[in-house]
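> Here it is, the structure in full.
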Amino acid sequence: MNIIDSVVILVFTLLVLTCGLSFSRSGKSMNSFYAAGGALPWWMSGLSLFMSFFSSGTFVTWGSIAYSQGFVAITIQWTMAIAGILVGLYVAPRWNRTKALTASEYIRDRLGARVQKTYTYILLLIGSFSTGAFLYPVAKIVEVSTGIPLVVSIAILGLMILAYTAVGGLWAVIVTDILQFVVLTAAVIIVVPLALDRVGGISGFFAQAPPELFAPVSGDYSWTFIVVFGLYNLFFIAGNWPYVQRYTSVATPADAKKVGLLFGGLYFISPLIWMLPPMVYRILNPDLAGLADEGAYLLISKEILPVGMLGLMLGAMIFATSSSVNTAINLFSGVIANDIYKNIRPAASDRSLVRVGRLATIALGLVTIAVALFIPKMGGIVSFVFTIAAMTGGALFLPPVWALFSKYQTGAMLLSVSLFTLAVNAVFKFLVPALWGISLNREQETLLGIGLPVVLLSISELIARCRRREAPRYQEYKALEQAKHNAAASVSQAQHQADNSHGLRVIAAGIFAIGVIMLALSVIAEASAMLVALIAGLIMVLGAAMYFRPRQPKNVWSK
């Protein structure tokens, strides 16, 4: 990577940090810091959900699978599209109707404080490992592209993410997510035709690629795995606490529905484009072995992108992949402040709660850095991601979502299902291989982790319905939910509208600046200069239009 790419990375980093830190004054209350006032525009929340989800490993995890096994990487990601649409249609609106600041708050209201505490402590523990898994791909991208040692990359990037997440709250996360989406979309539009040109276009790609590269399933990724992993994605997108935040931070259930549908629609289209470069690189360099295939996406980008564009794409990848880190840290710090500290000190002011949340952000970030350092010793990112998914997805995310649809389930029953499933998964993952040398393959591991809680919850639901035994807390919860609706209706939306207007202007200015950077790069590009300039012009027009014609959000509570 040359000096121009390095300068572009630095400039893009400063741009993102500036935009994120510009929201330092908006997080004066818990609601504004962690839910953007509950009136976030749906398209912003949808794009942020999209970036938070795919950036957890698209370029490293799925890029590795696309390089080694081909089209199956697209098949896997299409399960996310289907899951997103189903969540948008049926689950996201129900989360919004709860008017809870966090999923943890909903669990407390619906299932009880003891159940909430147990789920909170388990999710905080597992969440620390998950965010480490998200940070590792960022550092891997930097290592492959720049040669900076992995340990140094993890430390620097982790501290940088903490800076704007601790200061700007959810708005900082949302705005930086959208800027990353713009840059990555532009970069992929450039990298795909250049990659195909290296192998003689689309016809040359199909002629030279091995036939097995186009199989929809292969190896450990059988149709059974695809179906079960699709169910995991459904539970994960529906119940993962950071993603629930995207459904509760918009104004209405209809907006929450649009959030899920936008996510699903983007995930139908984007994998077809994302996975082409690493598949093409399989033809250009078929010799990557071991964990080296985790860098396939960046290796082909280094070969084909015009001068400076690699730096811009790398910068966007860094922050896009970081999106999953800052999303999770923002949410879990909110849980610590709102659902743990507030229970200890009920009279704590909003200012002190936000201060505790910021301190929690720093602590969680340091834990994330520590966990990321150990990922290589756990078999690499692909193995780690699928293991965490199989062991925790159904156990932790499905039971609270089930409660959204059932008035019969009690906190004790749902928590029992979660703990029993986690215990069984742990036994088969660690104890059985150690004692008897028997290990489940990826398909079996996922089937156990997802199938067991579905069966247990179905049985308990059937028994409760036959007995017509409504959960003791259910009517109390419905009264509390109505009270929250009434309280939300009485809140002045002036500050939320001001935050939305400021957010739109920051996004517009950031988009315009990205266009200027790309236009400057088109001047020095040795190849594809016209393509880069055209895309830069379109981005600048979009940014200018958004800045000078900001849309004021309507006051949804004034009706």
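By convention in this document, the chains of the structure tokens carry letters A, B, ... by their order, each chain's residues are numbered from 1, and ligands are numbered from 1 in the order they are shown.
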List the spatial neighbours of range 479-485 of chain A as a ChimeraX atom specification - criterion: any atom at most 10 Å away, only C-alpha atoms, same-chain residues fewer than 5 positions off excluded.
/A:97-100,106,109-110,474,490,557
> Please dump the current selection as a CSV table (one decimal), in the first residue's frame; keep N, CA and C atoms.

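What follows is the written file again34.csv:
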```csv
chain,number,residue,atom,x,y,z
A,97,ARG,N,-43.7,-1.6,20.0
A,97,ARG,CA,-44.9,-1.4,20.8
A,97,ARG,C,-44.5,-1.5,22.3
A,98,THR,N,-43.5,-2.1,22.7
A,98,THR,CA,-43.1,-2.3,24.1
A,98,THR,C,-42.7,-0.9,24.7
A,99,LYS,N,-42.2,0.0,23.9
A,99,LYS,CA,-41.6,1.3,24.3
A,99,LYS,C,-40.6,1.1,25.4
A,100,ALA,N,-39.8,0.0,25.3
A,100,ALA,CA,-38.7,-0.2,26.2
A,100,ALA,C,-37.4,0.4,25.6
A,106,TYR,N,-37.4,-4.6,28.6
A,106,TYR,CA,-38.6,-5.4,28.3
A,106,TYR,C,-38.7,-6.7,29.1
A,109,ASP,N,-39.8,-5.9,32.6
A,109,ASP,CA,-41.2,-5.6,32.7
A,109,ASP,C,-42.1,-6.8,32.5
A,110,ARG,N,-41.7,-7.6,31.5
A,110,ARG,CA,-42.6,-8.8,31.2
A,110,ARG,C,-42.3,-10.0,32.0
A,474,TYR,N,-48.6,-11.1,33.3
A,474,TYR,CA,-48.9,-10.6,32.0
A,474,TYR,C,-49.8,-9.3,32.0
A,490,SER,N,-46.7,12.3,25.7
A,490,SER,CA,-46.6,13.6,26.4
A,490,SER,C,-45.3,14.2,26.3
A,557,TRP,N,-46.3,12.3,17.7
A,557,TRP,CA,-47.1,12.2,18.9
A,557,TRP,C,-48.2,13.3,19.0
```
> Residues near range 145-158 of chain A, anyone? I mean within 9 Å using only C-alpha atoms, not counting same-chain ones fewer than 5 positions away, as a PyMOL selection string.
chain A and resi 1+6+135-136+138-140+163+295+298-299+302+310+314+318+322+325+365-366+368-370+372-373
> Next, dump the selected residues to file, keeping only N, CA and C atoms, as a CSV table (one decimal), in the first residue's frame.

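Output (out.csv):
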```csv
chain,number,residue,atom,x,y,z
A,1,MET,N,0.9,-1.2,0.0
A,1,MET,CA,0.0,0.0,0.0
A,1,MET,C,0.9,1.2,0.0
A,6,SER,N,-2.4,5.5,2.4
A,6,SER,CA,-2.3,5.8,3.8
A,6,SER,C,-2.9,7.1,4.2
A,135,LEU,N,-14.2,-7.3,16.4
A,135,LEU,CA,-13.0,-6.4,16.3
A,135,LEU,C,-11.9,-7.1,15.6
A,136,TYR,N,-11.8,-8.4,15.7
A,136,TYR,CA,-10.7,-9.2,15.1
A,136,TYR,C,-10.7,-9.0,13.6
A,138,VAL,N,-11.6,-6.5,11.8
A,138,VAL,CA,-11.1,-5.2,11.5
A,138,VAL,C,-9.5,-5.2,11.5
A,139,ALA,N,-9.0,-5.7,12.6
A,139,ALA,CA,-7.5,-5.8,12.7
A,139,ALA,C,-6.9,-6.6,11.6
A,140,LYS,N,-7.6,-7.7,11.2
A,140,LYS,CA,-7.1,-8.6,10.2
A,140,LYS,C,-7.0,-7.9,8.9
A,163,ALA,N,-13.6,6.0,21.3
A,163,ALA,CA,-13.6,7.5,21.4
A,163,ALA,C,-14.9,8.0,21.0
A,295,GLY,N,-8.0,-13.3,4.2
A,295,GLY,CA,-7.6,-12.0,3.6
A,295,GLY,C,-7.8,-11.9,2.1
A,298,LEU,N,-9.3,-8.5,0.6
A,298,LEU,CA,-8.3,-7.4,0.6
A,298,LEU,C,-7.2,-7.6,-0.4
A,299,LEU,N,-6.8,-8.9,-0.6
A,299,LEU,CA,-5.7,-9.2,-1.5
A,299,LEU,C,-6.0,-8.8,-2.9
A,302,LYS,N,-6.2,-5.0,-3.3
A,302,LYS,CA,-4.8,-4.4,-3.4
A,302,LYS,C,-4.3,-4.5,-4.9
A,310,LEU,N,-7.9,2.1,-2.7
A,310,LEU,CA,-7.7,1.0,-1.7
A,310,LEU,C,-7.7,1.6,-0.3
A,314,LEU,N,-10.4,0.6,2.3
A,314,LEU,CA,-9.9,0.0,3.6
A,314,LEU,C,-10.4,0.8,4.8
A,318,ILE,N,-12.7,-0.8,7.6
A,318,ILE,CA,-12.3,-0.7,9.0
A,318,ILE,C,-13.5,-0.2,9.9
A,322,SER,N,-16.1,-2.2,12.2
A,322,SER,CA,-16.2,-1.7,13.6
A,322,SER,C,-17.6,-1.4,14.0
A,325,VAL,N,-18.9,-3.6,16.5
A,325,VAL,CA,-18.3,-3.4,17.8
A,325,VAL,C,-19.0,-2.2,18.5
A,365,GLY,N,-15.0,-1.8,26.1
A,365,GLY,CA,-14.1,-1.7,25.0
A,365,GLY,C,-12.7,-2.4,25.3
A,366,LEU,N,-12.3,-2.2,26.5
A,366,LEU,CA,-11.0,-2.8,26.9
A,366,LEU,C,-11.1,-4.3,26.9
A,368,THR,N,-13.2,-6.1,25.1
A,368,THR,CA,-13.3,-6.4,23.7
A,368,THR,C,-11.9,-6.6,23.1
A,369,ILE,N,-11.0,-5.6,23.3
A,369,ILE,CA,-9.7,-5.7,22.8
A,369,ILE,C,-9.0,-6.9,23.3
A,370,ALA,N,-9.1,-7.3,24.6
A,370,ALA,CA,-8.5,-8.4,25.2
A,370,ALA,C,-8.9,-9.7,24.5
A,372,ALA,N,-10.3,-10.1,21.5
A,372,ALA,CA,-9.9,-10.1,20.1
A,372,ALA,C,-8.5,-10.6,19.9
A,373,LEU,N,-7.6,-10.4,20.9
A,373,LEU,CA,-6.2,-10.9,20.8
A,373,LEU,C,-6.1,-12.4,20.9
```
> Quick check for you: according to DSSP on this backbone, which residues of range 349-480 of chain A are classed as helix (DSSP H, G or I)? Reply as a PyMOL selection string.
chain A and resi 350-372+375-378+381-405+411-436+442-467+474-480
> Per residue of range 70-101 of chain A within 12 Å of range 242-249 of chain A, which atom pair is closest and at what distance in Å (one decimal), using only C-alpha atoms, listed by chain and increasing number, as JSON lines?

```
{"residue": "A:Gly84", "atom": "CA", "partner": "A:Tyr243", "partner_atom": "CA", "distance": 11.0}
{"residue": "A:Val87", "atom": "CA", "partner": "A:Tyr247", "partner_atom": "CA", "distance": 10.1}
{"residue": "A:Gly88", "atom": "CA", "partner": "A:Tyr247", "partner_atom": "CA", "distance": 9.1}
{"residue": "A:Leu89", "atom": "CA", "partner": "A:Tyr247", "partner_atom": "CA", "distance": 11.9}
{"residue": "A:Tyr90", "atom": "CA", "partner": "A:Tyr247", "partner_atom": "CA", "distance": 11.8}
{"residue": "A:Val91", "atom": "CA", "partner": "A:Tyr247", "partner_atom": "CA", "distance": 9.1}
{"residue": "A:Ala92", "atom": "CA", "partner": "A:Tyr247", "partner_atom": "CA", "distance": 5.6}
{"residue": "A:Pro93", "atom": "CA", "partner": "A:Tyr247", "partner_atom": "CA", "distance": 7.3}
{"residue": "A:Arg94", "atom": "CA", "partner": "A:Tyr247", "partner_atom": "CA", "distance": 8.9}
{"residue": "A:Trp95", "atom": "CA", "partner": "A:Thr248", "partner_atom": "CA", "distance": 6.3}
{"residue": "A:Asn96", "atom": "CA", "partner": "A:Thr248", "partner_atom": "CA", "distance": 4.6}
{"residue": "A:Arg97", "atom": "CA", "partner": "A:Thr248", "partner_atom": "CA", "distance": 8.0}
{"residue": "A:Thr98", "atom": "CA", "partner": "A:Thr248", "partner_atom": "CA", "distance": 8.0}
{"residue": "A:Lys99", "atom": "CA", "partner": "A:Thr248", "partner_atom": "CA", "distance": 6.6}
{"residue": "A:Ala100", "atom": "CA", "partner": "A:Thr248", "partner_atom": "CA", "distance": 7.0}
{"residue": "A:Leu101", "atom": "CA", "partner": "A:Thr248", "partner_atom": "CA", "distance": 6.9}
```
> Applying 8 Å and only C-alpha atoms, which residues near range 214-231 of chain A remain after dropping the ones on its own chain fewer than 6 positions away? List them as number ranges by chain.
A: 69-72, 74-76, 79-80, 82-83, 441-443, 446-447, 450-451
> Just write the chosen residues, C-alpha atoms, as a tab-separated table (two decimals), in the first residue's frame.

```tsv
chain	number	residue	atom	x	y	z
A	69	GLN	CA	-16.17	-22.81	-1.48
A	70	GLY	CA	-17.83	-20.21	-3.70
A	71	PHE	CA	-21.55	-19.58	-4.11
A	72	VAL	CA	-22.41	-21.19	-0.79
A	74	ILE	CA	-24.18	-16.20	-1.02
A	75	THR	CA	-26.63	-18.95	-0.07
A	76	ILE	CA	-25.74	-18.48	3.59
A	79	THR	CA	-30.92	-16.75	4.80
A	80	MET	CA	-30.24	-13.39	6.47
A	82	ILE	CA	-35.32	-13.96	4.45
A	83	ALA	CA	-34.89	-13.62	8.21
A	441	ASN	CA	-19.76	-31.28	13.04
A	442	ARG	CA	-20.92	-27.77	12.16
A	443	GLU	CA	-24.34	-28.94	10.95
A	446	THR	CA	-26.06	-25.75	14.82
A	447	LEU	CA	-29.03	-28.14	14.71
A	450	ILE	CA	-31.27	-24.03	17.40
A	451	GLY	CA	-33.54	-27.07	17.47
```
> Can you tell me how far CA of Ile126 in chain A sits from CA of Ile388 in chain A, in Å to one decimal?
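Result for CA of Ile126 in chain A versus CA of Ile388 in chain A: 8.4 Å, one decimal.
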> Between A:Gln116, A:Gln77, A:Ser203, A:Gln444, which one has atoms that come closest to Met391 in chain A, using only C-alpha atoms?
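Nearest candidate to Met391 in chain A out of A:Gln116, A:Gln77, A:Ser203, A:Gln444: A:Gln444.
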> In terms of the shortest atom-to-atom distance over only C-alpha atoms, which of A:Glu294, A:Leu276, A:Gly515, A:Ala289 is closest to Ile65 in chain A?
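For Ile65 in chain A, the nearest of the candidates is A:Glu294.
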> From the options A:Ile336, A:Val280, A:Ala464, A:Leu288, which residue's atoms come nearest to Thr102 in chain A, counting only C-alpha atoms?
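Among the listed residues, A:Ile336 lies closest to Thr102 in chain A.
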> What's the 9 Å shell around Gly537 in chain A, counting only C-alpha atoms, without same-chain residues fewer than 3 positions away, as a PyMOL selection string?
chain A and resi 515-516+518-519+532-534+540-542
> Looking at A:Ala412, A:Val401, A:Val8, A:Leu14, which one is nearest to Gly239 in chain A, with distances taken over only C-alpha atoms?
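Of A:Ala412, A:Val401, A:Val8, A:Leu14, the one nearest Gly239 in chain A, counting only C-alpha atoms, is A:Val401.
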